[in-house]
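Worksheet for the structure shown next.
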Amino acid sequence: MSAISIQPESLSSILQSGRAVSPSQATAAAPALSTVGVSAAPAPRALGTAWRLLAGDLAFRALPPVLGLLLFVGVWQLLAQTSPQLPGPLKVWDAAVKLFADPFYRKGPNDQGIGWNILSSLQRVGIGFGLAALVGIPLGFMIGRFTFLARMTDPIISLLKPVSPLAWLPIGLLVFKAANPAAIWVIFISSIWPMIINTSVGVRQVPQDYLNVARVLNLSEWTVFRKILFPAVLPFMLTGVRLAIGVAWLVIVAAEMLTGGVGIGFWVWDEWNNLNVQHIIIAIIVIGIVGLLLELGLVALARRFEYKS
Amino acid sequence: MVPLAQPAKSAPPKDLTKYLEIDRVGMVFPTRNGAFQALRDISLNVAQGEFVTLIGHSGCGKSTLLNLVAGLTTPTSGGLLCAGREIRGPGPDRGVVFQNHSLLPWLTSFDNVMLAVERVFGPYEKKAQLHERVHAALKMVGLDHAAQKRPGEISGGMKQRVGIARALAMQPKMLLLDEPFGALDALTRAQLQDELMRIVGETGSTVMMVTHDVDEAVLLSDRIVMMTNGPAATIGEIINVKLPKPRDRLGLAHDTTTIDARSAVLEFLYQKQRKAA
């Protein structure tokens with residue numbers, strides 16, 4: 001940090017001089033500056049070096065992903081040229097520009113803008129996932145705290161966890177007699193397992209030291225929960241939440257393909273019936289981006305609750 | 001009206017030499033290979049204001065004994081009394097400082113101490129008084145400036161000091177220290193030993209401390225309780241360290257009482273209870 005500290009007056013004189021100070025020029029400019037600045041002569045040079053380092057670092061980080069994306073698009077273009085059914089990147093781009101020019105139109109129940117489709121998918125995920133969190137997290141706490149309950153629930157969880165989420169759809173349709181609650185039900189049942197399991201594992205892994213503190217101080221169960229158990233389990237819980245929301249977003253597309261209505265999954269299926277392959281590719285990219293944003297948001301949230309002991 | 005000086009309410013005659021009574025205590029742990037007798041037939045009385053250290057080779061059950069006094073485990077035979085009452089479980093009347101500080105990493109130093117203060121004094125005192133107590137405890141260990149720092153942001157020695165402040169802030173009848181400075185470097189350890197001496201001198205606390213550092217035991221204790229090797233460990237010898245307090249680390253280095261006590265402990269540990277490597 002100290003290498004790039006400059007006196008304010010010398011900095012303003014650089015700015016006022018109106019020319020860019022490249023590292024080579026900086027050395028030449030230094031004597032002239034020394035009449036204004038107080039021992040500021042080496043500063044512009046240091047600034048130049050720092051900039052070069054920063055630019056180098058930036059290039060080193062930004063270059064590989066950009067190259068990877070370019071390579072991906074290039075391969076896609078090549079494939080599109082060899083098979084006429086697959087639209088190339090440019091065609092998809094044009095379609096996307098048209099599509100996103102008006103994302104929120106409504107022309108009847110089966111023809112709505114892509115914005116509405118994404119939002120209704122997110123709404124289903126939000127409701128199903130929210131209910132799963134409301135049930136799964138407290139259940140996980142109890143399973144982690146009471147061994148008896150853990151042994152009781154263990155066979156059921158082990159049995160039901162590996163079931164493909166869509167296998168639950170008929171049960172949902174049977175019980176709720178409507179497509180929308182059935183889709184929410186599928187989200188609920190598929191996203192509840194990671195939250196139960198991670199929360200209970202987190203409770204079981206609370207360091208004995210912390211629990212000894214609770215015992216030595218003779219804290220009430222409620223204080224133990226608030227001050228020790230909950231903060232200690234929070235990182236595990238958030239990992240469960242992250243896994244759950246990933247699963248939910250994976251499952252919603254498939255569920256909506258089967259249930260219909262408004263939603264990104266249904267939209268993909270509809271565009272397949274229209275043989276609009278550009279839109280299918282756009283949907284894939286949009287689904288990926290939304291999933292990535294959900295993941296990043298939760299990672300950022302989890303980072304706020306990390307503590308070094 | 002000026003009340004006449006009254007004699008203190010006639011308290012039940014307490015035997016101050018038996019503030020802590022450990023009476024023929026034994027401890028057997030069930031293990032996969034059958035019962036394991038960790039401690040047998042341990043009897044020890046600690047007087048009020050006394051500083052007692054437990055010393056012995058690792059695995060001799062000194063921490064087990066301390067946990068019994070803390071109430072974290074219950075003995076399989078015999079009994080323990082603290083200030084005339086049977087020890088049935090852990091309680092804030094016995095402040096414990098653990099070897100690995102055991103501070104909650106999501107709470108600041110202040111809040112870590114507050115957790116203990118609130119538990120003991122919360123029902124009777126106002127918030128301002130509780131704050132006052134926490135600050136006083138932190139000030140006593142010289143950490144008032146780090147009150148708002150989390151354990152991850154302070155050094156190992158500072159963490160251990162917060163642990164001591166947490167134990168002291170409860171104004172416990174006894175202070176139990178389980179190798180409190182074992183994980184610290186030699187210089188920090190010496191500094192904290194000096195501080196502990198000062199604090200114990202100021203508060204007149206009754207202290208039981210587990211250590212395997214001979215010099216630490218000699219410097220701090222009124223009595224050193226040496227334990228035999230396990231299994232079925234018991235008290236081997238007890239020596240009195242008859243040195244005036246406050247003690248000065250440098251002055252004691254060539255003192256004959258210190259040297260005698262030191263060699264007595266070393267002799268016990270490395271001749272009588274020599275451990276097969």
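If you're wondering about the labels, chains in the structure tokens are A, B, ... by order shown, residues count from 1 in each chain, ligands from 1 in order shown.
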
For the interface of chain B with chain A (cut-off 10 Å, counting only C-alpha atoms), please tabulate each contacting residue of chain B alongside its nearest pair of atoms and their separation in Å to one decimal, rows sorted by chain and increasing number, as JSON lines.
```
{"residue": "B:Ala70", "atom": "CA", "partner": "A:Val216", "partner_atom": "CA", "distance": 7.4}
{"residue": "B:Gly71", "atom": "CA", "partner": "A:Val216", "partner_atom": "CA", "distance": 8.0}
{"residue": "B:Leu72", "atom": "CA", "partner": "A:Val216", "partner_atom": "CA", "distance": 7.3}
{"residue": "B:Gly89", "atom": "CA", "partner": "A:Val216", "partner_atom": "CA", "distance": 8.6}
{"residue": "B:Pro90", "atom": "CA", "partner": "A:Val216", "partner_atom": "CA", "distance": 5.0}
{"residue": "B:Gly91", "atom": "CA", "partner": "A:Val216", "partner_atom": "CA", "distance": 5.6}
{"residue": "B:Pro92", "atom": "CA", "partner": "A:Leu217", "partner_atom": "CA", "distance": 5.2}
{"residue": "B:Asp93", "atom": "CA", "partner": "A:Leu217", "partner_atom": "CA", "distance": 9.0}
{"residue": "B:Arg94", "atom": "CA", "partner": "A:Val216", "partner_atom": "CA", "distance": 8.0}
{"residue": "B:Gly95", "atom": "CA", "partner": "A:Val216", "partner_atom": "CA", "distance": 7.5}
{"residue": "B:Val96", "atom": "CA", "partner": "A:Val216", "partner_atom": "CA", "distance": 7.1}
{"residue": "B:Val97", "atom": "CA", "partner": "A:Val213", "partner_atom": "CA", "distance": 9.4}
{"residue": "B:Phe98", "atom": "CA", "partner": "A:Asp209", "partner_atom": "CA", "distance": 8.4}
{"residue": "B:Gln99", "atom": "CA", "partner": "A:Asp209", "partner_atom": "CA", "distance": 9.9}
{"residue": "B:Asn100", "atom": "CA", "partner": "A:Asp209", "partner_atom": "CA", "distance": 8.2}
{"residue": "B:His101", "atom": "CA", "partner": "A:Asp209", "partner_atom": "CA", "distance": 8.7}
{"residue": "B:Ser102", "atom": "CA", "partner": "A:Asp209", "partner_atom": "CA", "distance": 5.6}
{"residue": "B:Leu103", "atom": "CA", "partner": "A:Tyr210", "partner_atom": "CA", "distance": 7.5}
{"residue": "B:Leu104", "atom": "CA", "partner": "A:Tyr210", "partner_atom": "CA", "distance": 6.8}
{"residue": "B:Pro105", "atom": "CA", "partner": "A:Ser309", "partner_atom": "CA", "distance": 4.8}
{"residue": "B:Trp106", "atom": "CA", "partner": "A:Tyr307", "partner_atom": "CA", "distance": 6.1}
{"residue": "B:Leu107", "atom": "CA", "partner": "A:Lys227", "partner_atom": "CA", "distance": 8.5}
{"residue": "B:Asp111", "atom": "CA", "partner": "A:Lys227", "partner_atom": "CA", "distance": 9.9}
{"residue": "B:Asn112", "atom": "CA", "partner": "A:Lys227", "partner_atom": "CA", "distance": 9.7}
{"residue": "B:Leu115", "atom": "CA", "partner": "A:Leu217", "partner_atom": "CA", "distance": 8.5}
{"residue": "B:Ala116", "atom": "CA", "partner": "A:Leu217", "partner_atom": "CA", "distance": 6.3}
{"residue": "B:Val117", "atom": "CA", "partner": "A:Leu217", "partner_atom": "CA", "distance": 9.5}
{"residue": "B:Glu118", "atom": "CA", "partner": "A:Leu219", "partner_atom": "CA", "distance": 9.9}
{"residue": "B:Arg119", "atom": "CA", "partner": "A:Leu219", "partner_atom": "CA", "distance": 6.8}
{"residue": "B:Val120", "atom": "CA", "partner": "A:Leu217", "partner_atom": "CA", "distance": 8.4}
{"residue": "B:Arg150", "atom": "CA", "partner": "A:Ser309", "partner_atom": "CA", "distance": 8.5}
{"residue": "B:Pro151", "atom": "CA", "partner": "A:Ser309", "partner_atom": "CA", "distance": 5.9}
{"residue": "B:Gly152", "atom": "CA", "partner": "A:Lys308", "partner_atom": "CA", "distance": 4.8}
{"residue": "B:Glu153", "atom": "CA", "partner": "A:Lys308", "partner_atom": "CA", "distance": 8.2}
{"residue": "B:Ile154", "atom": "CA", "partner": "A:Ser309", "partner_atom": "CA", "distance": 9.8}
{"residue": "B:Lys159", "atom": "CA", "partner": "A:Ser309", "partner_atom": "CA", "distance": 9.7}
{"residue": "B:Ala167", "atom": "CA", "partner": "A:Leu217", "partner_atom": "CA", "distance": 9.2}
{"residue": "B:Met170", "atom": "CA", "partner": "A:Leu217", "partner_atom": "CA", "distance": 9.2}
```

Residues of range 89-146 of chain B at most 10 Å from range 187-200 of chain B: nearest atom pair and distance in Å, only C-alpha atoms, as a tab-separated table:
```
residue	atom	partner	partner_atom	distance
B:Met140	CA	B:Ile199	CA	7.3
B:Val141	CA	B:Glu195	CA	7.3
B:Gly142	CA	B:Glu195	CA	9.1
```

Please write the residues from the selection above to a file, keeping C-alpha atoms, as a PDB file, in the first residue's frame.
```pdb
ATOM      1  CA  MET B 140      -8.515  -6.917  35.466  1.00  0.00           C
ATOM      2  CA  VAL B 141      -6.898  -9.057  32.763  1.00  0.00           C
ATOM      3  CA  GLY B 142      -5.765  -5.943  30.907  1.00  0.00           C
TER       4      GLY B 142
END
```

Mind dumping a table of every range 61-149 of chain A residue within 12 Å of range 281-302 of chain A, with the nearest atom pair and its distance in Å to one decimal, using only C-alpha atoms, sorted by chain and rising number, as a Markdown table?
```
| residue | atom | partner | partner_atom | distance |
| --- | --- | --- | --- | --- |
| A:Trp76 | CA | A:Ile281 | CA | 11.4 |
| A:Leu86 | CA | A:Ile281 | CA | 9.5 |
| A:Pro87 | CA | A:Ile281 | CA | 8.8 |
| A:Gly88 | CA | A:Ile281 | CA | 10.0 |
| A:Pro89 | CA | A:Ile281 | CA | 9.5 |
| A:Leu90 | CA | A:Ile282 | CA | 11.9 |
| A:Lys91 | CA | A:Ile281 | CA | 10.6 |
| A:Val92 | CA | A:Ile282 | CA | 7.0 |
| A:Trp93 | CA | A:Ile282 | CA | 8.5 |
| A:Asp94 | CA | A:Ile282 | CA | 10.6 |
| A:Ala95 | CA | A:Ile282 | CA | 8.3 |
| A:Ala96 | CA | A:Ile282 | CA | 6.6 |
| A:Val97 | CA | A:Ile282 | CA | 10.4 |
| A:Lys98 | CA | A:Ile282 | CA | 11.5 |
| A:Leu99 | CA | A:Ile282 | CA | 9.3 |
| A:Phe100 | CA | A:Ile282 | CA | 10.3 |
| A:Ile114 | CA | A:Ala283 | CA | 8.7 |
| A:Gly115 | CA | A:Val286 | CA | 10.4 |
| A:Asn117 | CA | A:Ala283 | CA | 10.2 |
| A:Ile118 | CA | A:Ile287 | CA | 8.4 |
| A:Leu119 | CA | A:Val290 | CA | 10.6 |
| A:Ser121 | CA | A:Ile287 | CA | 10.2 |
| A:Leu122 | CA | A:Val290 | CA | 9.2 |
| A:Val125 | CA | A:Leu294 | CA | 11.2 |
| A:Gly126 | CA | A:Leu294 | CA | 11.2 |
```

**Item:** Spatial neighbours of Met142 in chain A, max dist 9 Å, only C-alpha atoms, sep filter under 6 positions, as an MDAnalysis selection string
**Value:** chainID A and resid 149:150 200 203

Could you save the residues just selected, with N, CA and C atoms, as a PDB file, in the first residue's frame?
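Heads up, here's the output in result34.pdb:
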```
ATOM      1  N   LEU A 149     -34.525 -39.720  18.391  1.00  0.00           N
ATOM      2  CA  LEU A 149     -35.224 -39.249  17.203  1.00  0.00           C
ATOM      3  C   LEU A 149     -34.400 -39.536  15.948  1.00  0.00           C
ATOM      4  N   ALA A 150     -33.082 -39.386  16.075  1.00  0.00           N
ATOM      5  CA  ALA A 150     -32.213 -39.656  14.926  1.00  0.00           C
ATOM      6  C   ALA A 150     -32.336 -41.103  14.490  1.00  0.00           C
ATOM      7  N   SER A 200     -28.759 -31.484  10.909  1.00  0.00           N
ATOM      8  CA  SER A 200     -28.552 -32.450  12.004  1.00  0.00           C
ATOM      9  C   SER A 200     -27.069 -32.786  12.159  1.00  0.00           C
ATOM     10  N   VAL A 203     -25.494 -29.958  14.066  1.00  0.00           N
ATOM     11  CA  VAL A 203     -25.785 -29.998  15.504  1.00  0.00           C
ATOM     12  C   VAL A 203     -24.891 -31.033  16.182  1.00  0.00           C
TER      13      VAL A 203
END
```

**Request:** Find, counting only C-alpha atoms, the residue in A:Ile143, A:Ala167, A:Val247, A:Ala59 that gets nearest to Arg204 in chain A.
**Result:** A:Ile143

**Asked** Which polymer residues have any atom within 7 Å of an atom of range 27-38 of chain B, counting only C-alpha atoms, with same-chain residues fewer than 2 positions away left out, as a PyMOL selection string?
**Response** chain B and resi 25+40+61+75-77+230-233

Output for the residues just chosen: N, CA and C atoms as a short mmCIF file (atom, residue, chain, number, x, y, z; two decimals), in the first residue's frame:
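Output contents, as saved in again07.cif:
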```cif
data_model
loop_
_atom_site.label_atom_id
_atom_site.label_comp_id
_atom_site.auth_asym_id
_atom_site.auth_seq_id
_atom_site.Cartn_x
_atom_site.Cartn_y
_atom_site.Cartn_z
N VAL B 25 -12.67 -40.30 46.86
CA VAL B 25 -13.30 -40.31 45.55
C VAL B 25 -12.63 -41.34 44.63
N ARG B 40 -8.57 -43.64 42.18
CA ARG B 40 -9.04 -44.41 43.33
C ARG B 40 -8.66 -43.69 44.62
N GLY B 61 -4.91 -38.67 35.26
CA GLY B 61 -6.25 -38.38 35.78
C GLY B 61 -6.37 -37.07 36.51
N PRO B 75 -18.48 -38.69 40.42
CA PRO B 75 -17.62 -39.80 40.83
C PRO B 75 -18.41 -41.09 40.98
N THR B 76 -17.75 -42.23 40.76
CA THR B 76 -18.43 -43.51 40.93
C THR B 76 -18.40 -43.95 42.39
N SER B 77 -17.47 -43.36 43.17
CA SER B 77 -17.51 -43.63 44.61
C SER B 77 -16.98 -42.40 45.34
N GLY B 230 -1.50 -43.47 36.26
CA GLY B 230 -2.68 -44.30 36.09
C GLY B 230 -2.30 -45.65 35.53
N PRO B 231 -3.19 -46.61 35.41
CA PRO B 231 -4.57 -46.53 35.86
C PRO B 231 -4.67 -46.61 37.38
N ALA B 232 -5.85 -46.28 37.89
CA ALA B 232 -6.11 -46.22 39.32
C ALA B 232 -5.14 -45.26 40.00
N ALA B 233 -5.05 -44.07 39.44
CA ALA B 233 -4.15 -43.06 40.00
C ALA B 233 -4.70 -42.54 41.31
#
```

Considering only C-alpha atoms, give me a table of residues in range 136-202 of chain B that are at most 12 Å from range 45-58 of chain B, with the closest atom pair and distance in Å for each, as a Markdown table.
```
| residue | atom | partner | partner_atom | distance |
| --- | --- | --- | --- | --- |
| B:Pro172 | CA | B:Gly49 | CA | 12.0 |
| B:Lys173 | CA | B:Gln48 | CA | 8.8 |
| B:Met174 | CA | B:Gln48 | CA | 8.7 |
| B:Leu175 | CA | B:Phe51 | CA | 9.4 |
| B:Leu176 | CA | B:Val52 | CA | 9.8 |
| B:Leu177 | CA | B:Thr53 | CA | 9.1 |
| B:Asp178 | CA | B:Leu54 | CA | 9.5 |
| B:Glu179 | CA | B:Leu54 | CA | 9.7 |
| B:Pro180 | CA | B:Thr53 | CA | 11.8 |
| B:Leu196 | CA | B:Phe51 | CA | 11.1 |
| B:Met197 | CA | B:Phe51 | CA | 9.8 |
| B:Val200 | CA | B:Gly49 | CA | 8.5 |
| B:Gly201 | CA | B:Gly49 | CA | 9.1 |
| B:Glu202 | CA | B:Gly49 | CA | 10.9 |
```

Can you list, as an mmCIF file with N, CA and C atoms, in the first residue's frame, every residue of range 49-152 of chain B that DSSP puts in alpha helix (DSSP H)?
```cif
data_model
loop_
_atom_site.group_PDB
_atom_site.id
_atom_site.type_symbol
_atom_site.label_atom_id
_atom_site.label_comp_id
_atom_site.auth_asym_id
_atom_site.auth_seq_id
_atom_site.Cartn_x
_atom_site.Cartn_y
_atom_site.Cartn_z
ATOM 1 N N LYS B 62 -5.410 -36.159 36.320
ATOM 2 C CA LYS B 62 -5.534 -34.886 37.030
ATOM 3 C C LYS B 62 -6.682 -34.052 36.464
ATOM 4 N N SER B 63 -6.849 -34.113 35.137
ATOM 5 C CA SER B 63 -7.986 -33.393 34.557
ATOM 6 C C SER B 63 -9.302 -34.032 34.956
ATOM 7 N N THR B 64 -9.289 -35.366 35.100
ATOM 8 C CA THR B 64 -10.506 -36.062 35.552
ATOM 9 C C THR B 64 -10.904 -35.562 36.928
ATOM 10 N N LEU B 65 -9.900 -35.404 37.800
ATOM 11 C CA LEU B 65 -10.182 -34.921 39.150
ATOM 12 C C LEU B 65 -10.743 -33.500 39.109
ATOM 13 N N LEU B 66 -10.156 -32.668 38.249
ATOM 14 C CA LEU B 66 -10.643 -31.291 38.143
ATOM 15 C C LEU B 66 -12.076 -31.269 37.624
ATOM 16 N N ASN B 67 -12.362 -32.154 36.639
ATOM 17 C CA ASN B 67 -13.729 -32.227 36.111
ATOM 18 C C ASN B 67 -14.712 -32.679 37.171
ATOM 19 N N LEU B 68 -14.255 -33.509 38.097
ATOM 20 C CA LEU B 68 -15.127 -33.928 39.201
ATOM 21 C C LEU B 68 -15.458 -32.735 40.083
ATOM 22 N N VAL B 69 -14.443 -31.921 40.375
ATOM 23 C CA VAL B 69 -14.679 -30.726 41.193
ATOM 24 C C VAL B 69 -15.589 -29.755 40.442
ATOM 25 N N ALA B 70 -15.375 -29.664 39.118
ATOM 26 C CA ALA B 70 -16.217 -28.769 38.315
ATOM 27 C C ALA B 70 -17.644 -29.293 38.238
ATOM 28 N N SER B 109 -15.222 -10.409 22.817
ATOM 29 C CA SER B 109 -14.720 -10.661 24.172
ATOM 30 C C SER B 109 -15.753 -10.225 25.192
ATOM 31 N N PHE B 110 -16.300 -9.032 24.959
ATOM 32 C CA PHE B 110 -17.298 -8.479 25.879
ATOM 33 C C PHE B 110 -18.476 -9.435 26.023
ATOM 34 N N ASP B 111 -19.003 -9.893 24.886
ATOM 35 C CA ASP B 111 -20.196 -10.744 24.934
ATOM 36 C C ASP B 111 -19.894 -12.119 25.511
ATOM 37 N N ASN B 112 -18.662 -12.616 25.283
ATOM 38 C CA ASN B 112 -18.282 -13.886 25.889
ATOM 39 C C ASN B 112 -18.318 -13.795 27.410
ATOM 40 N N VAL B 113 -17.802 -12.686 27.938
ATOM 41 C CA VAL B 113 -17.820 -12.504 29.392
ATOM 42 C C VAL B 113 -19.249 -12.229 29.865
ATOM 43 N N MET B 114 -19.971 -11.443 29.037
ATOM 44 C CA MET B 114 -21.339 -11.087 29.399
ATOM 45 C C MET B 114 -22.218 -12.328 29.563
ATOM 46 N N LEU B 115 -21.969 -13.341 28.739
ATOM 47 C CA LEU B 115 -22.731 -14.589 28.817
ATOM 48 C C LEU B 115 -22.708 -15.146 30.240
ATOM 49 N N ALA B 116 -21.506 -15.124 30.840
ATOM 50 C CA ALA B 116 -21.362 -15.641 32.202
ATOM 51 C C ALA B 116 -21.980 -14.677 33.216
ATOM 52 N N VAL B 117 -21.706 -13.373 33.013
ATOM 53 C CA VAL B 117 -22.196 -12.365 33.980
ATOM 54 C C VAL B 117 -23.721 -12.350 34.014
ATOM 55 N N GLU B 118 -24.322 -12.424 32.816
ATOM 56 C CA GLU B 118 -25.774 -12.402 32.723
ATOM 57 C C GLU B 118 -26.383 -13.604 33.454
ATOM 58 N N ARG B 119 -25.721 -14.734 33.302
ATOM 59 C CA ARG B 119 -26.234 -15.962 33.918
ATOM 60 C C ARG B 119 -26.265 -15.834 35.447
ATOM 61 N N VAL B 120 -25.193 -15.222 35.999
ATOM 62 C CA VAL B 120 -25.079 -15.181 37.456
ATOM 63 C C VAL B 120 -25.806 -13.981 38.055
ATOM 64 N N PHE B 121 -25.621 -12.809 37.439
ATOM 65 C CA PHE B 121 -26.151 -11.591 38.058
ATOM 66 C C PHE B 121 -27.352 -11.016 37.323
ATOM 67 N N LYS B 127 -28.927 -3.506 33.705
ATOM 68 C CA LYS B 127 -28.016 -3.680 32.579
ATOM 69 C C LYS B 127 -26.697 -2.928 32.788
ATOM 70 N N ALA B 128 -26.817 -1.693 33.299
ATOM 71 C CA ALA B 128 -25.620 -0.880 33.493
ATOM 72 C C ALA B 128 -24.649 -1.560 34.461
ATOM 73 N N GLN B 129 -25.211 -2.179 35.487
ATOM 74 C CA GLN B 129 -24.350 -2.860 36.463
ATOM 75 C C GLN B 129 -23.670 -4.073 35.839
ATOM 76 N N LEU B 130 -24.420 -4.789 34.983
ATOM 77 C CA LEU B 130 -23.840 -5.956 34.313
ATOM 78 C C LEU B 130 -22.687 -5.516 33.410
ATOM 79 N N HIS B 131 -22.927 -4.424 32.663
ATOM 80 C CA HIS B 131 -21.870 -3.876 31.804
ATOM 81 C C HIS B 131 -20.634 -3.530 32.628
ATOM 82 N N GLU B 132 -20.906 -2.916 33.772
ATOM 83 C CA GLU B 132 -19.827 -2.502 34.662
ATOM 84 C C GLU B 132 -18.987 -3.720 35.074
ATOM 85 N N ARG B 133 -19.675 -4.803 35.404
ATOM 86 C CA ARG B 133 -18.984 -6.030 35.821
ATOM 87 C C ARG B 133 -18.104 -6.586 34.704
ATOM 88 N N VAL B 134 -18.655 -6.600 33.480
ATOM 89 C CA VAL B 134 -17.888 -7.143 32.350
ATOM 90 C C VAL B 134 -16.637 -6.298 32.126
ATOM 91 N N HIS B 135 -16.827 -4.979 32.129
ATOM 92 C CA HIS B 135 -15.672 -4.101 31.918
ATOM 93 C C HIS B 135 -14.633 -4.272 33.016
ATOM 94 N N ALA B 136 -15.106 -4.424 34.238
ATOM 95 C CA ALA B 136 -14.172 -4.597 35.357
ATOM 96 C C ALA B 136 -13.367 -5.878 35.174
ATOM 97 N N ALA B 137 -14.052 -6.951 34.757
ATOM 98 C CA ALA B 137 -13.357 -8.238 34.573
ATOM 99 C C ALA B 137 -12.330 -8.139 33.456
ATOM 100 N N LEU B 138 -12.718 -7.485 32.358
ATOM 101 C CA LEU B 138 -11.781 -7.350 31.241
ATOM 102 C C LEU B 138 -10.607 -6.459 31.621
ATOM 103 N N LYS B 139 -10.900 -5.438 32.413
ATOM 104 C CA LYS B 139 -9.839 -4.535 32.843
ATOM 105 C C LYS B 139 -8.846 -5.276 33.731
ATOM 106 N N MET B 140 -9.367 -6.169 34.549
ATOM 107 C CA MET B 140 -8.515 -6.917 35.466
ATOM 108 C C MET B 140 -7.481 -7.756 34.715
#
```

**Item:** Point-to-point distance in Å for CA of Ala255 in chain A and CA of Ile187 in chain A
**Value:**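 Taking CA of Ile187 in chain A as the start and CA of Ala255 in chain A as the end point, the length is 8.5 Å.
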